[in-house]
>>> print(open('query-v2.cif').read())   # mmCIF, C-alpha atoms and all ligand atoms
data_structure
loop_
_atom_site.label_atom_id
_atom_site.label_comp_id
_atom_site.auth_asym_id
_atom_site.auth_seq_id
_atom_site.Cartn_x
_atom_site.Cartn_y
_atom_site.Cartn_z
CA MET N 114 -9.78 -31.52 -16.04
CA LEU N 115 -13.53 -31.98 -15.61
CA ASP N 116 -14.31 -31.97 -19.32
CA THR N 117 -12.55 -35.25 -20.15
CA PRO N 118 -14.34 -38.58 -19.85
CA ILE N 119 -13.68 -40.90 -16.94
CA ARG N 120 -11.85 -44.00 -18.17
CA ALA N 121 -11.35 -45.94 -14.92
CA LEU N 122 -12.81 -46.03 -11.42
CA LEU N 123 -11.29 -46.74 -8.04
CA LEU N 124 -13.71 -47.83 -5.35
CA ASP N 125 -13.28 -47.71 -1.62
CA MET N 126 -15.30 -50.52 -0.08
CA ASP N 127 -16.38 -50.13 3.55
CA GLY N 128 -18.85 -47.26 3.81
CA VAL N 129 -19.27 -47.17 0.02
CA LEU N 130 -20.38 -50.68 -1.00
CA TYR N 131 -21.24 -52.16 2.38
CA HIS N 132 -21.26 -51.80 6.15
CA GLY N 133 -20.03 -55.02 7.69
CA SER N 134 -21.91 -57.71 5.78
CA THR N 135 -24.80 -55.39 4.81
CA LEU N 136 -24.81 -54.15 1.21
CA LEU N 137 -25.50 -50.44 0.81
CA PRO N 138 -28.23 -49.28 -1.61
CA GLY N 139 -26.97 -48.96 -5.16
CA ALA N 140 -23.86 -51.13 -4.72
CA GLN N 141 -25.03 -53.87 -7.06
CA ALA N 142 -26.30 -51.36 -9.64
CA LEU N 143 -22.98 -49.49 -9.58
CA LEU N 144 -20.97 -52.65 -10.19
CA GLU N 145 -23.33 -53.73 -12.97
CA ARG N 146 -22.82 -50.33 -14.60
CA LEU N 147 -19.06 -50.71 -14.26
CA SER N 148 -18.83 -54.08 -15.97
CA GLY N 149 -16.76 -53.32 -19.06
CA ILE N 150 -15.22 -50.20 -17.48
CA PRO N 151 -11.79 -50.73 -15.86
CA HIS N 152 -12.13 -50.53 -12.09
CA LEU N 153 -10.25 -51.52 -8.94
CA PHE N 154 -11.18 -51.91 -5.29
CA LEU N 155 -8.90 -49.92 -2.96
CA THR N 156 -8.73 -50.34 0.78
CA ASN N 157 -6.58 -48.97 3.57
CA ASN N 158 -7.31 -52.18 5.47
CA PRO N 159 -4.29 -54.50 5.28
CA ARG N 160 -5.77 -57.42 7.22
CA ARG N 161 -6.98 -59.65 4.38
CA THR N 162 -5.40 -60.83 1.13
CA PRO N 163 -6.93 -59.77 -2.22
CA GLU N 164 -8.19 -63.35 -2.64
CA ALA N 165 -10.00 -63.21 0.71
CA ILE N 166 -11.49 -59.79 -0.08
CA ALA N 167 -12.73 -60.99 -3.49
CA ALA N 168 -14.40 -63.96 -1.79
CA ARG N 169 -15.95 -61.67 0.80
CA LEU N 170 -17.44 -59.38 -1.86
CA ALA N 171 -19.01 -62.43 -3.50
CA ALA N 172 -20.29 -63.70 -0.14
CA ILE N 173 -22.24 -60.49 0.53
CA GLY N 174 -23.85 -60.54 -2.92
CA LEU N 175 -21.60 -58.52 -5.22
CA PRO N 176 -19.95 -59.78 -8.41
CA ARG N 177 -16.73 -61.60 -7.49
CA PRO N 178 -13.80 -59.52 -8.76
CA ASP N 179 -10.54 -61.03 -9.92
CA PRO N 180 -8.07 -60.75 -7.00
CA SER N 181 -5.87 -58.58 -9.25
CA GLN N 182 -8.63 -55.93 -9.03
CA VAL N 183 -8.18 -55.60 -5.26
CA LEU N 184 -5.43 -53.33 -3.90
CA THR N 185 -4.78 -53.09 -0.17
CA SER N 186 -2.49 -50.89 1.87
CA ALA N 187 -0.50 -54.07 2.61
CA LEU N 188 0.23 -54.54 -1.11
CA ALA N 189 1.18 -50.89 -1.54
CA THR N 190 3.41 -51.07 1.55
CA ALA N 191 5.20 -54.18 0.32
CA ALA N 192 5.72 -52.75 -3.19
CA HIS N 193 7.03 -49.49 -1.75
CA LEU N 194 9.52 -51.24 0.55
CA ALA N 195 10.71 -53.47 -2.31
CA ARG N 196 11.46 -50.32 -4.34
CA LEU N 197 13.33 -48.72 -1.42
CA LYS N 198 15.38 -51.87 -0.75
CA PRO N 199 14.98 -54.95 -2.95
CA GLY N 200 15.09 -58.13 -0.82
CA PHE N 201 14.32 -56.12 2.32
CA ARG N 202 14.14 -57.75 5.76
CA TRP N 203 11.00 -57.10 7.79
CA PHE N 204 9.45 -57.49 11.20
CA ALA N 205 5.68 -57.00 11.13
CA ILE N 206 2.95 -56.46 13.68
CA GLY N 207 -0.30 -57.26 11.93
CA GLU N 208 -2.31 -59.99 10.25
CA GLY N 209 -1.92 -62.53 7.48
CA GLY N 210 -2.70 -60.16 4.61
CA LEU N 211 0.27 -58.00 5.56
CA GLU N 212 2.71 -60.89 6.00
CA ALA N 213 1.62 -62.45 2.69
CA ALA N 214 2.16 -59.16 0.84
CA LEU N 215 5.62 -58.56 2.36
CA THR N 216 6.71 -62.09 1.43
CA ALA N 217 5.27 -61.90 -2.10
CA ALA N 218 7.22 -58.67 -2.70
CA GLY N 219 10.49 -60.51 -2.02
CA GLY N 220 10.88 -59.49 1.62
CA GLN N 221 12.45 -61.76 4.22
CA HIS N 222 10.95 -62.10 7.69
CA ASP N 223 13.84 -61.35 10.08
CA PRO N 224 12.97 -60.32 13.65
CA ARG N 225 16.66 -59.87 14.54
CA ARG N 226 18.00 -57.75 11.66
CA ALA N 227 14.95 -56.20 10.05
CA ASP N 228 15.38 -53.15 7.81
CA PHE N 229 11.74 -52.21 8.38
CA VAL N 230 9.35 -52.56 11.30
CA VAL N 231 5.95 -52.67 9.63
CA VAL N 232 2.79 -52.02 11.62
CA GLY N 233 -0.48 -53.07 10.02
CA GLU N 234 -3.97 -52.30 11.16
CA GLY N 235 -5.62 -55.25 12.87
CA LEU N 236 -4.86 -57.91 15.45
CA GLY N 237 -1.42 -58.88 16.68
CA ILE N 238 -0.03 -56.06 18.82
CA ASP N 239 1.23 -57.05 22.27
CA PHE N 240 3.91 -56.11 24.78
CA ASP N 241 6.45 -58.59 23.39
CA ASN N 242 6.26 -57.52 19.76
CA LEU N 243 6.20 -53.84 20.73
CA THR N 244 9.45 -54.50 22.61
CA THR N 245 11.00 -56.27 19.61
CA ALA N 246 9.92 -53.43 17.32
CA ILE N 247 11.27 -50.69 19.60
CA ASN N 248 14.64 -52.38 19.96
CA LEU N 249 14.98 -53.01 16.22
CA ILE N 250 14.48 -49.28 15.65
CA LEU N 251 16.62 -47.95 18.53
CA LYS N 252 19.48 -50.45 18.37
CA GLN N 253 19.55 -51.67 14.74
CA GLY N 254 18.36 -48.58 12.92
CA ALA N 255 15.26 -50.23 11.44
CA ARG N 256 12.77 -47.81 9.87
CA LEU N 257 9.22 -47.61 11.22
CA VAL N 258 6.46 -48.06 8.61
CA VAL N 259 2.68 -48.13 8.95
CA THR N 260 0.24 -49.46 6.37
CA ASN N 261 -2.32 -46.69 6.85
CA PRO N 262 -2.73 -43.53 8.91
CA ASP N 263 -6.37 -43.86 10.04
CA ALA N 264 -6.74 -42.96 13.73
CA SER N 265 -9.84 -45.16 14.05
CA VAL N 266 -12.00 -47.21 11.69
CA ASP N 267 -15.59 -48.38 11.69
CA ASP N 268 -16.58 -52.02 12.14
CA HIS N 269 -19.70 -54.07 12.62
CA HIS N 270 -19.73 -56.87 15.14
CA GLU N 271 -22.73 -59.10 15.89
CA GLY N 272 -25.02 -56.59 14.20
CA ALA N 273 -23.78 -53.53 16.08
CA HIS N 274 -21.49 -50.71 15.00
CA ARG N 275 -18.22 -50.31 16.85
CA VAL N 276 -15.01 -48.33 16.43
CA LEU N 277 -11.64 -50.07 16.11
CA PRO N 278 -8.17 -48.62 16.50
CA GLY N 279 -6.72 -47.78 13.08
CA GLY N 280 -3.17 -48.08 11.82
CA GLY N 281 -2.35 -44.60 13.07
CA ALA N 282 -3.33 -45.54 16.62
CA LEU N 283 -1.49 -48.87 16.55
CA VAL N 284 1.82 -47.40 15.35
CA ALA N 285 1.70 -44.63 17.98
CA PRO N 286 3.21 -46.60 20.91
CA ILE N 287 6.32 -47.38 18.86
CA ALA N 288 6.57 -43.86 17.45
CA VAL N 289 6.34 -42.44 20.98
CA ALA N 290 8.84 -44.88 22.48
CA CYS N 291 11.40 -44.30 19.71
CA GLU N 292 10.64 -40.62 19.08
CA VAL N 293 10.43 -41.26 15.33
CA GLU N 294 7.85 -40.47 12.67
CA PRO N 295 6.60 -43.52 10.75
CA LEU N 296 6.69 -43.81 6.98
CA VAL N 297 2.96 -43.84 6.10
CA ILE N 298 1.69 -45.69 3.03
CA GLY N 299 -2.14 -45.94 2.68
CA LYS N 300 -4.61 -43.24 1.60
CA PRO N 301 -4.25 -40.21 1.58
CA GLU N 302 -0.57 -40.86 0.77
CA PRO N 303 0.06 -41.39 -2.98
CA ALA N 304 1.39 -44.99 -3.02
CA LEU N 305 -1.95 -46.81 -3.24
CA PHE N 306 -3.30 -44.41 -5.90
CA GLU N 307 -0.09 -44.69 -7.95
CA MET N 308 -0.19 -48.49 -7.72
CA ALA N 309 -3.77 -48.38 -9.01
CA CYS N 310 -2.79 -46.25 -12.04
CA ALA N 311 0.11 -48.57 -12.81
CA ARG N 312 -2.12 -51.62 -12.63
CA LEU N 313 -4.77 -50.03 -14.87
CA GLY N 314 -2.25 -48.49 -17.26
CA CYS N 315 -3.91 -45.09 -16.98
CA GLU N 316 -3.10 -41.55 -15.90
CA PRO N 317 -4.50 -40.06 -12.68
CA ALA N 318 -6.58 -37.61 -14.75
CA ASP N 319 -8.39 -40.59 -16.33
CA CYS N 320 -9.44 -41.96 -12.93
CA LEU N 321 -12.31 -41.28 -10.57
CA MET N 322 -12.00 -42.29 -6.91
CA ILE N 323 -15.26 -43.00 -5.07
CA GLY N 324 -14.93 -42.96 -1.29
CA ASP N 325 -16.68 -42.14 1.97
CA ARG N 326 -13.86 -40.39 3.85
CA PRO N 327 -12.90 -36.78 3.06
CA ASP N 328 -9.54 -37.08 4.85
CA THR N 329 -8.26 -40.20 3.08
CA ASP N 330 -10.23 -41.13 -0.07
CA ILE N 331 -11.00 -37.62 -1.29
CA ALA N 332 -7.92 -35.68 -0.16
CA GLY N 333 -5.57 -38.39 -1.43
CA ALA N 334 -7.17 -38.76 -4.85
CA LEU N 335 -7.25 -35.00 -5.45
CA ALA N 336 -3.61 -34.66 -4.40
CA VAL N 337 -2.44 -37.03 -7.16
CA GLY N 338 -4.63 -35.37 -9.81
CA MET N 339 -7.60 -37.72 -9.89
CA ARG N 340 -11.22 -36.75 -9.82
CA ALA N 341 -13.03 -37.65 -6.62
CA ALA N 342 -16.60 -38.42 -5.58
CA LEU N 343 -17.83 -38.58 -2.00
CA VAL N 344 -20.76 -40.74 -0.90
CA ARG N 345 -22.06 -39.77 2.51
CA SER N 346 -22.93 -43.33 3.46
CA GLY N 347 -19.98 -43.97 5.77
CA ARG N 348 -18.63 -42.02 8.69
CA PHE N 349 -19.22 -38.66 6.95
CA ARG N 350 -23.00 -38.20 6.97
CA PRO N 351 -25.43 -36.11 4.90
CA GLY N 352 -25.57 -32.58 6.28
CA ALA N 353 -22.11 -32.72 7.88
CA ALA N 354 -20.18 -29.50 7.26
CA TRP N 355 -17.19 -29.88 4.94
CA PRO N 356 -13.90 -29.66 6.90
CA ASP N 357 -12.26 -26.28 6.11
CA SER N 358 -8.82 -27.84 5.82
CA LEU N 359 -9.73 -30.34 3.08
CA PRO N 360 -10.29 -29.86 -0.68
CA ARG N 361 -13.80 -30.52 -1.96
CA PRO N 362 -14.62 -33.47 -4.22
CA HIS N 363 -15.96 -33.02 -7.77
CA TRP N 364 -19.14 -34.85 -6.77
CA ASP N 365 -20.78 -35.06 -3.33
CA ALA N 366 -23.77 -37.39 -3.02
CA PRO N 367 -25.81 -38.78 -0.12
CA ASP N 368 -25.65 -42.33 -1.52
CA LEU N 369 -24.68 -44.43 -4.52
CA PRO N 370 -27.99 -44.17 -6.43
CA HIS N 371 -27.70 -40.35 -6.40
CA LEU N 372 -24.03 -40.52 -7.32
CA LEU N 373 -24.62 -42.87 -10.25
CA ARG N 374 -27.16 -40.44 -11.72
CA MET N 375 -24.71 -37.54 -11.30
CA LEU N 376 -21.85 -39.48 -12.92
CA GLU N 377 -23.75 -40.93 -15.86
CA PRO N 378 -22.80 -38.14 -18.36
CA TRP N 379 -19.10 -38.73 -17.57
CA LEU N 380 -19.00 -42.52 -17.82
CA PRO N 381 -18.05 -44.44 -20.98
MG MG N 401 -14.44 -46.40 3.53
#
>>> encode(input="query-v2.cif", output="structure tokens")
Amino acid sequence: MLDTPIRALLLDMDGVLYHGSTLLPGAQALLERLSGIPHLFLTNNPRRTPEAIAARLAAIGLPRPDPSQVLTSALATAAHLARLKPGFRWFAIGEGGLEAALTAAGGQHDPRRADFVVVGEGLGIDFDNLTTAINLILKQGARLVVTNPDASVDDHHEGAHRVLPGGGALVAPIAVACEVEPLVIGKPEPALFEMACARLGCEPADCLMIGDRPDTDIAGALAVGMRAALVRSGRFRPGAAWPDSLPRPHWDAPDLPHLLRMLEPWLP
């Protein structure tokens, strides 16, 4: 698989291109090199719409992508639920990016007869909506869904790093109360990677995923047959020992400038 050229790239964002509003070294050079090569931005974060994410990339100094180049776990969740049940009814705990995606996929907000209780990473969880969600599952047979499995995620607030609860943590109270396992959508599950291939019109073997997390970006891309490159500029730092349970990426670089030099022979 390694001897074929790379035809398309999938880029994780936080920890690869930026931390908070701070660009990481090599981010602008990478995107300049990719102009003319098909590429998409993939995030497990369902909080913002593709339009808002495109505007945010421009605001921190990167080329503004077309919103169709941005795929979020909210979009992948909505598309997956629409395939399972066209015209599905949903009750969501999350932010605007999730609700917009569920509506755009043809779903109907229905807190009394929802087919799916959808938990998205971000703001919105409280005692009342946990109660609604639990009763929809236990009494109406609604299925529990979560946009992404991350236990915790990194954030930057007023210049300082902090850790936020991820989708996996936010769905846990409902999973515990109902004694059910959620349907999980974001990386490392295949839905977001498959949506990216469909949007680019390419096969997994044509694609390279660049990410900063071994457990989601790298493991997920390798599982669907993509090539994968790790940059150790996010939570997984240079020198950290590779987790025994996870497959190794094709490329492993301390930062984007190193990675770009390693990839150059493989790029169109
Ligand atoms: Mg990341």
>>> residues_near_ligand(input="query-v2.cif", ligand="ligand MG 401 (chain N)", cutoff="7 Å", atoms="only C-alpha atoms and all ligand atoms", output="PyMOL selection string")
chain N and resi 125-129+324-326+347
>>> residues_around(input="query-v2.cif", residues="region 185-196 of chain N", least_positions_apart="5", cutoff="10 Å", atoms="only C-alpha atoms", output="VMD selection string")
chain N and resid 154 to 163 166 201 to 203 207 to 220 228 to 229 231 to 234 258 to 261 296 to 300 303 to 309
>>> residues_around(input="query-v2.cif", residues="Arg340 (chain N)", least_positions_apart="3", cutoff="7 Å", atoms="all atoms listed in the file", output="ChimeraX atom specification")
/N:318,320-322,334-335,363
>>> write_last_selection(input="query-v2.cif", atoms="C-alpha atoms", output="PDB file, in the coordinates of the input")
ATOM      1  CA  ALA N 318      -6.580 -37.610 -14.750  1.00  0.00           C
ATOM      2  CA  CYS N 320      -9.440 -41.960 -12.930  1.00  0.00           C
ATOM      3  CA  LEU N 321     -12.310 -41.280 -10.570  1.00  0.00           C
ATOM      4  CA  MET N 322     -12.000 -42.290  -6.910  1.00  0.00           C
ATOM      5  CA  ALA N 334      -7.170 -38.760  -4.850  1.00  0.00           C
ATOM      6  CA  LEU N 335      -7.250 -35.000  -5.450  1.00  0.00           C
ATOM      7  CA  HIS N 363     -15.960 -33.020  -7.770  1.00  0.00           C
TER       8      HIS N 363
END
>>> residues_around(input="query-v2.cif", residues="Pro367 (chain N)", least_positions_apart="4", cutoff="6 Å", atoms="only C-alpha atoms", output="compact mmCIF listing (two decimals) with C-alpha atoms, in the coordinates of the input")
# COMPACT_ATOMS: atom_id res chain seq x y z
CA VAL N 344 -20.76 -40.74 -0.90
CA ARG N 345 -22.06 -39.77 2.51
CA PRO N 351 -25.43 -36.11 4.90
>>> atom_distance(input="query-v2.cif", atom1="CA of Ser148 (chain N)", atom2="CA of Glu302 (chain N)")
28.1 Å
>>> closest_residue(input="query-v2.cif", among="N:Val183, N:Met339, N:Leu143, N:Leu376", to="Ala168 (chain N)", atoms="all atoms listed in the file")
N:Val183
>>> atom_distance(input="query-v2.cif", atom1="CA of Thr117 (chain N)", atom2="CA of Gly314 (chain N)")
17.0 Å
>>> residues_around(input="query-v2.cif", residues="region 265-279 of chain N", least_positions_apart="5", cutoff="8 Å", atoms="all atoms listed in the file", output="PyMOL selection string")
chain N and resi 132-133+234-235+348
>>> residues_around(input="query-v2.cif", residues="Arg146 (chain N)", least_positions_apart="4", cutoff="10 Å", atoms="all atoms listed in the file", output="ChimeraX atom specification")
/N:140-142,150,373,377,380-381
>>> atom_distance(input="query-v2.cif", atom1="CA of Ala264 (chain N)", atom2="CA of Pro327 (chain N)")
13.8 Å
